[in-house]
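The block underneath contains the structure these notes are about, expressed in structure tokens.
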Amino acid sequence: MTASPASAPARLLRRALHAPEADRANALPAGAWWLWALGLATAASRTTNPLLLGLLVGVAGYVVAARRTDAPWARSYGAFVKLGLFVVALRLVFSVFLGSSIPGSHTVLTLPEVPLPDWAQGVRIGGRVTAEQLVFSLYEGMKLATLLICVGAANALANPARLLKSLPGALYEAGVAVVVAMTFAPNMVADVVRLRTARRLRGRPTGGVRAVAQIGLPVLEGALERSVAVAASMDARGYGRTAQVPAAVRHTTNVLTLGGLLGVCAGTYGLLAAQGAVYGLPLLLAGLVTAMAGLRLGGRRSVRTRYRPDRWGVRAWLVACSGAVVAAAMIWAGAVAPEALRPGVVPLTAPVLPLWPAAAALIGLLPALVAPVPPSNRAAADRPVRRGKEQA
């Protein structure tokens with residue numbers, strides 16, 4: 001029995017969307033993961049609705065669980081989640097003890113108020129704590145926690161070495177510092193987990209102030225050894241060597257780069273401000289073009305070469321564009337229906353999940369479908385199937 005011609009496009013679409021097993025040739029560029037995560041973070045920055053924020057956290061967590069590898073930096077996602085919870089708790093504590101400018105009529109408790117001098121007007125310590133100010137602090141803390149979790153998702157999915165390799169030549173030196181800073185937290189988390197496991201196997205306690213002090217010294221020592229090893233390897237590979245370029249090219253590069261960055265800053269401010277929405281987008285695009293031209297000229301000073309550079313395929317563009325679509329949809333929703341993205345706290349009202357912003361947030365799940373599957377995740381997914389075949 002032959003298949004109908006109408007089913008041929010469907011088979012091609014399923015084959016195109018079927019995620020292959022990841023290897024060195026088809027692994028996604030690190031920039032695609034960062035653009036996806038920054039898109040989710042941008043969407044989170046436009047809302048204080050806890051339902052939408054929780055949906056964005058769920059989207060980021062599902063993609064990390066589906067496409068995370070066994071690399072050391074991939075284990076840092078849990079640390080960012082804990083950091084986000086700590087930020088929410090800290091925001092609530094500050095609101096309780098330092099007060100808030102949000103008025104409220106529902107008193108939760110009243111703390112003893114510390115008298116302050118006249119020059120500290122507008123600041124109070126203690127006093128009346130209302131439910132409105134607690135809810136407002138909870139919403140703001142959840143927004144900041146969602147931003148941190150989105151950044152943690154990028155750290156867990158993107159290979160920092162490949163991210164450094166994909167930077168333009170003009171930003172290579174600054175990119176090294178940024179990549180080292182981004183990899184410090186994941187490597188430190190991996191060292192802490194390794195040392196706690198070793199102490200647990202030896203029957204030593206892993207909690208308490210004494211255990212933390214005993215773990216902290218080896219962690220810092222390992223970080224110092226890695227820094228020395230990275231510096232030695234960079235020096236051995238001739239890092240920092242630059243080619244000679246004419247002075248006119250250097251001056252033109254500086255003018256284009258600085259002018260482009262100023263245009264990007266002014267355009268971004270225009271997009272965020274209500275009065276500058278008309279000129280914000282053209283100024284942002286002009287700044288990006290100018291800055292890219294400056295970076296292109298500045299790359300002439302770099303004499304390094306790239307071994308097997310990352311290529312942006314269809315899957316990489318789908319991953320990056322999914323985050324951009326989520327950000328654009330949330331920005332548009334903030335302009336059309338701002339009350340749905342920022343629920344009121346005076347008077348207290350239950351937040352409502354807006355349907356089409358929530359549907360737009362679900363577009364961020366696209367990387368879990370199209371990104372190549374790590375070998376460990378593919379083996380875990382196939383294990384129940386093989387076990388069922390053996391039982392049959």
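Chain labels A, B, ... are given in the sequence in which chains occur in the structure tokens; within each chain residues are numbered consecutively from 1, and ligands are likewise numbered from 1 in the order shown.
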
Residues of range 92-170 of chain A that have any atom at most 8 Å from an atom of range 341-363 of chain A: could you tabulate them with the shortest-distance atom pair and the distance in Å to one decimal, using only C-alpha atoms, ordered by chain and increasing number, as JSON lines?
{"residue": "A:Pro103", "atom": "CA", "partner": "A:Val346", "partner_atom": "CA", "distance": 7.4}
{"residue": "A:Gly104", "atom": "CA", "partner": "A:Val346", "partner_atom": "CA", "distance": 6.8}
{"residue": "A:Glu132", "atom": "CA", "partner": "A:Val345", "partner_atom": "CA", "distance": 5.6}
{"residue": "A:Gln133", "atom": "CA", "partner": "A:Val345", "partner_atom": "CA", "distance": 7.9}
{"residue": "A:Val135", "atom": "CA", "partner": "A:Val345", "partner_atom": "CA", "distance": 6.9}
{"residue": "A:Phe136", "atom": "CA", "partner": "A:Val345", "partner_atom": "CA", "distance": 6.4}

Can those selected residues be exported to a file as a PDB file, in the first residue's frame so that it contains N, CA, C and O atoms?
ATOM      1  N   PRO A 103       1.153  51.650  49.843  1.00  0.00           N
ATOM      2  CA  PRO A 103       0.157  51.778  50.919  1.00  0.00           C
ATOM      3  C   PRO A 103      -0.683  50.514  51.023  1.00  0.00           C
ATOM      4  O   PRO A 103      -0.813  49.743  50.066  1.00  0.00           O
ATOM      5  N   GLY A 104      -1.243  50.299  52.168  1.00  0.00           N
ATOM      6  CA  GLY A 104      -2.053  49.110  52.380  1.00  0.00           C
ATOM      7  C   GLY A 104      -2.957  49.268  53.571  1.00  0.00           C
ATOM      8  O   GLY A 104      -2.679  50.053  54.496  1.00  0.00           O
ATOM      9  N   GLU A 132      -0.369  44.146  51.392  1.00  0.00           N
ATOM     10  CA  GLU A 132      -0.112  44.716  50.069  1.00  0.00           C
ATOM     11  C   GLU A 132       1.387  44.841  49.802  1.00  0.00           C
ATOM     12  O   GLU A 132       1.862  44.507  48.711  1.00  0.00           O
ATOM     13  N   GLN A 133       2.140  45.318  50.794  1.00  0.00           N
ATOM     14  CA  GLN A 133       3.570  45.467  50.570  1.00  0.00           C
ATOM     15  C   GLN A 133       4.267  44.120  50.479  1.00  0.00           C
ATOM     16  O   GLN A 133       5.239  43.959  49.735  1.00  0.00           O
ATOM     17  N   VAL A 135       2.911  41.349  49.189  1.00  0.00           N
ATOM     18  CA  VAL A 135       2.604  40.812  47.863  1.00  0.00           C
ATOM     19  C   VAL A 135       3.417  41.532  46.788  1.00  0.00           C
ATOM     20  O   VAL A 135       3.953  40.910  45.851  1.00  0.00           O
ATOM     21  N   PHE A 136       3.548  42.855  46.928  1.00  0.00           N
ATOM     22  CA  PHE A 136       4.356  43.611  45.967  1.00  0.00           C
ATOM     23  C   PHE A 136       5.817  43.163  46.011  1.00  0.00           C
ATOM     24  O   PHE A 136       6.454  42.981  44.960  1.00  0.00           O
TER      25      PHE A 136
END
